[in-house]
file upload.csv (CSV, C-alpha atoms)
chain,number,residue,atom,x,y,z
A,1,MET,CA,-86.6,-71.9,-13.1
A,2,ALA,CA,-87.1,-75.0,-15.3
A,3,ASN,CA,-85.9,-76.2,-18.6
A,4,GLY,CA,-88.4,-77.9,-20.9
A,5,SER,CA,-92.0,-77.3,-21.9
A,6,GLY,CA,-93.7,-80.0,-19.8
A,7,THR,CA,-94.4,-82.4,-22.7
A,8,LYS,CA,-93.2,-86.0,-23.1
A,9,GLY,CA,-90.7,-84.9,-25.8
A,10,SER,CA,-89.5,-81.9,-23.7
A,11,PRO,CA,-90.2,-82.6,-20.0
A,12,TRP,CA,-89.5,-80.0,-17.4
A,13,GLU,CA,-86.1,-80.6,-15.8
A,14,LEU,CA,-86.7,-79.8,-12.1
A,15,LYS,CA,-85.1,-80.1,-8.7
A,16,THR,CA,-86.8,-81.0,-5.5
A,17,PRO,CA,-87.4,-78.1,-3.1
A,18,SER,CA,-84.3,-78.8,-1.2
A,19,GLY,CA,-82.3,-78.8,-4.4
A,20,LEU,CA,-80.7,-82.2,-3.7
A,21,SER,CA,-82.4,-84.3,-6.3
A,22,ALA,CA,-83.2,-83.7,-10.0
A,23,PHE,CA,-86.2,-85.1,-11.7
A,24,GLN,CA,-88.3,-84.7,-14.9
A,25,ALA,CA,-92.0,-84.1,-15.2
A,26,TYR,CA,-94.5,-83.7,-18.0
A,27,ARG,CA,-98.3,-83.6,-18.6
A,28,ASP,CA,-99.9,-86.5,-20.4
A,29,ASN,CA,-103.3,-85.2,-21.4
A,30,GLY,CA,-104.0,-88.3,-23.4
A,31,ALA,CA,-104.0,-90.7,-20.5
A,32,ASP,CA,-107.2,-91.7,-18.8
A,33,PRO,CA,-107.4,-89.9,-16.4
A,34,PRO,CA,-104.9,-87.3,-17.6
A,35,VAL,CA,-101.7,-87.6,-15.5
A,36,LEU,CA,-98.6,-85.7,-14.4
A,37,VAL,CA,-95.7,-88.0,-15.0
A,38,VAL,CA,-92.7,-87.7,-12.7
A,39,THR,CA,-89.5,-89.6,-13.4
A,40,VAL,CA,-86.8,-89.8,-10.7
A,41,GLY,CA,-83.9,-92.0,-11.9
A,42,SER,CA,-85.5,-95.2,-13.0
A,43,THR,CA,-88.7,-94.7,-11.0
A,44,THR,CA,-91.8,-93.2,-12.6
A,45,LEU,CA,-94.7,-91.8,-10.6
A,46,HIS,CA,-98.1,-90.8,-11.8
A,47,TYR,CA,-100.4,-88.2,-10.2
A,48,GLN,CA,-103.8,-87.2,-11.5
A,49,LEU,CA,-103.1,-84.1,-13.6
A,50,ARG,CA,-106.0,-82.2,-11.9
A,51,CYS,CA,-103.8,-82.1,-8.8
A,52,LEU,CA,-102.2,-78.9,-10.2
A,53,ASP,CA,-105.5,-77.0,-10.5
A,54,ASP,CA,-106.8,-78.5,-7.2
A,55,LEU,CA,-103.6,-77.7,-5.3
A,56,ARG,CA,-103.6,-74.2,-6.7
A,57,ALA,CA,-107.2,-73.6,-5.5
A,58,MET,CA,-106.4,-75.0,-2.1
A,59,LEU,CA,-103.3,-72.7,-1.7
A,60,LYS,CA,-105.4,-69.7,-2.9
A,61,ALA,CA,-108.1,-70.5,-0.3
A,62,LYS,CA,-105.4,-70.8,2.5
A,63,GLY,CA,-103.9,-67.5,1.4
A,64,ASP,CA,-100.6,-68.2,3.3
A,65,TRP,CA,-97.6,-70.5,3.4
A,66,VAL,CA,-98.3,-74.2,3.7
A,67,PRO,CA,-95.6,-76.7,4.7
A,68,LEU,CA,-94.7,-79.3,2.1
A,69,GLY,CA,-94.2,-82.3,4.4
A,70,SER,CA,-93.0,-84.9,1.8
A,71,ALA,CA,-93.4,-88.6,2.8
A,72,ASP,CA,-93.4,-92.0,1.2
A,73,GLU,CA,-96.8,-93.7,0.8
A,74,GLN,CA,-96.1,-96.1,3.7
A,75,LYS,CA,-95.4,-93.3,6.2
A,76,PRO,CA,-97.9,-91.0,7.7
A,77,ALA,CA,-98.0,-87.4,6.4
A,78,ALA,CA,-97.6,-84.6,8.9
A,79,PRO,CA,-101.0,-82.9,9.4
A,80,GLY,CA,-101.6,-79.5,7.7
A,81,THR,CA,-99.0,-80.2,4.9
A,82,VAL,CA,-99.3,-80.4,1.2
A,83,GLU,CA,-98.4,-84.1,1.4
A,84,ALA,CA,-101.3,-84.7,3.9
A,85,TRP,CA,-103.7,-82.8,1.6
A,86,GLY,CA,-102.6,-84.8,-1.4
A,87,ARG,CA,-103.9,-88.0,0.3
A,88,ASP,CA,-106.7,-86.7,2.4
A,89,PRO,CA,-110.2,-88.2,1.9
A,90,LYS,CA,-111.6,-84.6,2.1
A,91,ASN,CA,-109.6,-83.3,-0.9
A,92,PRO,CA,-111.4,-82.9,-4.3
A,93,VAL,CA,-110.6,-86.5,-5.5
A,94,GLY,CA,-111.4,-88.1,-2.1
A,95,GLY,CA,-108.0,-89.4,-1.4
A,96,TRP,CA,-104.7,-90.1,-3.2
A,97,TYR,CA,-103.7,-88.0,-6.2
A,98,GLY,CA,-101.0,-90.6,-6.8
A,99,LEU,CA,-102.1,-93.4,-9.1
A,100,LYS,CA,-99.5,-96.2,-8.7
A,101,LYS,CA,-100.0,-98.2,-5.4
A,102,GLY,CA,-96.7,-98.2,-3.6
A,103,LEU,CA,-95.6,-95.0,-5.3
A,104,ARG,CA,-98.4,-92.6,-4.4
A,105,GLY,CA,-96.5,-90.6,-1.8
A,106,ARG,CA,-93.9,-87.8,-2.2
A,107,PHE,CA,-96.6,-85.5,-3.5
A,108,GLY,CA,-95.2,-82.7,-1.4
A,109,ASN,CA,-91.7,-83.2,-3.0
A,110,TYR,CA,-92.5,-83.4,-6.7
A,111,VAL,CA,-95.7,-81.4,-7.4
A,112,PRO,CA,-94.6,-78.1,-5.8
A,113,PRO,CA,-91.7,-77.6,-8.2
A,114,VAL,CA,-94.1,-78.2,-11.2
A,115,MET,CA,-96.4,-75.5,-9.7
A,116,GLU,CA,-93.4,-73.2,-9.4
A,117,ALA,CA,-92.4,-73.9,-13.0
A,118,LEU,CA,-95.9,-73.0,-14.2
A,119,GLY,CA,-95.7,-69.7,-12.2
A,120,TRP,CA,-98.6,-70.8,-10.0
A,121,ALA,CA,-96.8,-71.0,-6.7
A,122,GLU,CA,-93.8,-69.7,-4.8
A,123,VAL,CA,-91.8,-72.6,-3.2
A,124,GLU,CA,-89.0,-72.2,-0.6
A,125,HIS,CA,-85.7,-73.9,-1.3
A,126,GLN,CA,-84.1,-74.6,2.1
A,127,PRO,CA,-82.3,-77.8,3.1
A,128,LYS,CA,-85.6,-78.9,4.8
A,129,ASN,CA,-89.0,-77.7,6.2
A,130,ASN,CA,-89.9,-76.0,3.0
A,131,ARG,CA,-93.3,-74.3,2.3
A,132,MET,CA,-95.2,-73.0,-0.6
A,133,ARG,CA,-98.0,-70.5,-1.3
A,134,ALA,CA,-100.1,-69.5,-4.3
A,135,ARG,CA,-99.0,-66.7,-6.6
call {"tool": "encode", "arguments": {"input": "upload.csv", "output": "structure tokens"}}
result
Amino acid sequence: MANGSGTKGSPWELKTPSGLSAFQAYRDNGADPPVLVVTVGSTTLHYQLRCLDDLRAMLKAKGDWVPLGSADEQKPAAPGTVEAWGRDPKNPVGGWYGLKKGLRGRFGNYVPPVMEALGWAEVEHQPKNNRMRAR
């Protein structure tokens, strides 16, 4: 599903759920807090690394498919989506998992393929309206 081992020297080579865009991701455990680094072209996004475990726990608790609902930070996220959960004040970190103001969105676009690469989730790969669930 993904080339690379998820390190800075060997990042995962991934595609967005729709398959239209390629990006790289890796875990930086040495950062404070530890981060998931996502590079799309010349743009780098940072999400708290704990998002992977927290999202996995949320998906397991739901026990069913959850829509992804990707959206930029400046746009509202559709309720009930992975994107909305990734910025919800009621999630385990009390808000945004994204760390760079202005680039905190698109959680539902970039984190699910990482979860899939880890074997922790199943992600749909349709042109749009994709969903995911825990494995």
call {"tool": "residues_around", "arguments": {"input": "upload.csv", "residues": "stretch 92-104 of chain A", "least_positions_apart": "6", "cutoff": "6 Å", "atoms": "all atoms listed in the file", "output": "ChimeraX atom specification"}}
result
/A:46-48,73,86
call {"tool": "residues_around", "arguments": {"input": "upload.csv", "residues": "A:Tyr110", "least_positions_apart": "3", "cutoff": "8 Å", "atoms": "all atoms listed in the file", "output": "list of chain:residue names"}}
result
A:Thr16, A:Val38, A:Arg106, A:Phe107, A:Pro113, A:Val114
call {"tool": "closest_residue", "arguments": {"input": "upload.csv", "among": "A:Gly119, A:Asn129, A:Lys15, A:Gly6", "to": "A:Ala78", "atoms": "only C-alpha atoms"}}
result
A:Asn129
call {"tool": "residues_near_point", "arguments": {"input": "upload.csv", "point": "(-100.4, -83.2, -22.9)", "cutoff": "12 Å", "atoms": "all atoms listed in the file", "output": "VMD selection string"}}
result
chain A and resid 5 to 11 25 to 37 49
call {"tool": "atom_distance", "arguments": {"input": "upload.csv", "atom1": "atom CA of A:Leu55", "atom2": "atom CA of A:Trp120"}}
result
9.7 Å
call {"tool": "atom_distance", "arguments": {"input": "upload.csv", "atom1": "atom CA of A:Ala2", "atom2": "atom CA of A:Leu118"}}
result
9.1 Å
call {"tool": "atom_distance", "arguments": {"input": "upload.csv", "atom1": "atom CA of A:Pro127", "atom2": "atom CA of A:Asn91"}}
result
28.1 Å
call {"tool": "build_atoms", "arguments": {"input": "upload.csv", "residues": "stretch 5-24 of chain A", "atoms": "N, CA and C atoms", "output": "PDB file, in the coordinates of the input"}}
result
ATOM      1  N   SER A   5     -90.628 -77.879 -21.715  1.00  0.00           N
ATOM      2  CA  SER A   5     -92.000 -77.300 -21.900  1.00  0.00           C
ATOM      3  C   SER A   5     -93.063 -78.111 -21.238  1.00  0.00           C
ATOM      4  N   GLY A   6     -92.713 -79.188 -20.538  1.00  0.00           N
ATOM      5  CA  GLY A   6     -93.700 -80.000 -19.800  1.00  0.00           C
ATOM      6  C   GLY A   6     -94.450 -80.974 -20.705  1.00  0.00           C
ATOM      7  N   THR A   7     -93.826 -81.354 -21.834  1.00  0.00           N
ATOM      8  CA  THR A   7     -94.400 -82.400 -22.700  1.00  0.00           C
ATOM      9  C   THR A   7     -93.503 -83.620 -22.621  1.00  0.00           C
ATOM     10  N   LYS A   8     -94.000 -84.737 -23.138  1.00  0.00           N
ATOM     11  CA  LYS A   8     -93.200 -86.000 -23.100  1.00  0.00           C
ATOM     12  C   LYS A   8     -91.892 -85.792 -23.872  1.00  0.00           C
ATOM     13  N   GLY A   9     -91.934 -85.100 -25.001  1.00  0.00           N
ATOM     14  CA  GLY A   9     -90.700 -84.900 -25.800  1.00  0.00           C
ATOM     15  C   GLY A   9     -89.799 -83.825 -25.218  1.00  0.00           C
ATOM     16  N   SER A  10     -90.333 -82.968 -24.361  1.00  0.00           N
ATOM     17  CA  SER A  10     -89.500 -81.900 -23.700  1.00  0.00           C
ATOM     18  C   SER A  10     -90.003 -81.702 -22.290  1.00  0.00           C
ATOM     19  N   PRO A  11     -89.707 -82.706 -21.431  1.00  0.00           N
ATOM     20  CA  PRO A  11     -90.200 -82.600 -20.000  1.00  0.00           C
ATOM     21  C   PRO A  11     -89.471 -81.472 -19.298  1.00  0.00           C
ATOM     22  N   TRP A  12     -90.148 -81.007 -18.245  1.00  0.00           N
ATOM     23  CA  TRP A  12     -89.500 -80.000 -17.400  1.00  0.00           C
ATOM     24  C   TRP A  12     -88.337 -80.749 -16.670  1.00  0.00           C
ATOM     25  N   GLU A  13     -87.222 -80.098 -16.579  1.00  0.00           N
ATOM     26  CA  GLU A  13     -86.100 -80.600 -15.800  1.00  0.00           C
ATOM     27  C   GLU A  13     -86.103 -79.787 -14.510  1.00  0.00           C
ATOM     28  N   LEU A  14     -86.415 -80.467 -13.416  1.00  0.00           N
ATOM     29  CA  LEU A  14     -86.700 -79.800 -12.100  1.00  0.00           C
ATOM     30  C   LEU A  14     -85.773 -80.352 -11.040  1.00  0.00           C
ATOM     31  N   LYS A  15     -85.772 -79.660  -9.930  1.00  0.00           N
ATOM     32  CA  LYS A  15     -85.100 -80.100  -8.700  1.00  0.00           C
ATOM     33  C   LYS A  15     -86.140 -80.127  -7.587  1.00  0.00           C
ATOM     34  N   THR A  16     -85.950 -81.030  -6.638  1.00  0.00           N
ATOM     35  CA  THR A  16     -86.800 -81.000  -5.500  1.00  0.00           C
ATOM     36  C   THR A  16     -86.622 -79.726  -4.707  1.00  0.00           C
ATOM     37  N   PRO A  17     -87.568 -79.364  -3.854  1.00  0.00           N
ATOM     38  CA  PRO A  17     -87.400 -78.100  -3.100  1.00  0.00           C
ATOM     39  C   PRO A  17     -86.110 -77.900  -2.414  1.00  0.00           C
ATOM     40  N   SER A  18     -85.554 -78.966  -1.857  1.00  0.00           N
ATOM     41  CA  SER A  18     -84.300 -78.800  -1.200  1.00  0.00           C
ATOM     42  C   SER A  18     -83.108 -78.664  -2.138  1.00  0.00           C
ATOM     43  N   GLY A  19     -83.347 -78.947  -3.415  1.00  0.00           N
ATOM     44  CA  GLY A  19     -82.300 -78.800  -4.400  1.00  0.00           C
ATOM     45  C   GLY A  19     -81.379 -80.018  -4.505  1.00  0.00           C
ATOM     46  N   LEU A  20     -81.641 -81.052  -3.722  1.00  0.00           N
ATOM     47  CA  LEU A  20     -80.700 -82.200  -3.700  1.00  0.00           C
ATOM     48  C   LEU A  20     -80.936 -83.218  -4.766  1.00  0.00           C
ATOM     49  N   SER A  21     -82.143 -83.301  -5.327  1.00  0.00           N
ATOM     50  CA  SER A  21     -82.400 -84.300  -6.300  1.00  0.00           C
ATOM     51  C   SER A  21     -83.044 -83.702  -7.572  1.00  0.00           C
ATOM     52  N   ALA A  22     -82.608 -84.179  -8.733  1.00  0.00           N
ATOM     53  CA  ALA A  22     -83.200 -83.700 -10.000  1.00  0.00           C
ATOM     54  C   ALA A  22     -84.228 -84.745 -10.447  1.00  0.00           C
ATOM     55  N   PHE A  23     -85.222 -84.254 -11.172  1.00  0.00           N
ATOM     56  CA  PHE A  23     -86.200 -85.100 -11.700  1.00  0.00           C
ATOM     57  C   PHE A  23     -86.851 -84.464 -12.963  1.00  0.00           C
ATOM     58  N   GLN A  24     -87.589 -85.238 -13.739  1.00  0.00           N
ATOM     59  CA  GLN A  24     -88.300 -84.700 -14.900  1.00  0.00           C
ATOM     60  C   GLN A  24     -89.793 -84.881 -14.676  1.00  0.00           C
TER      61      GLN A  24
END
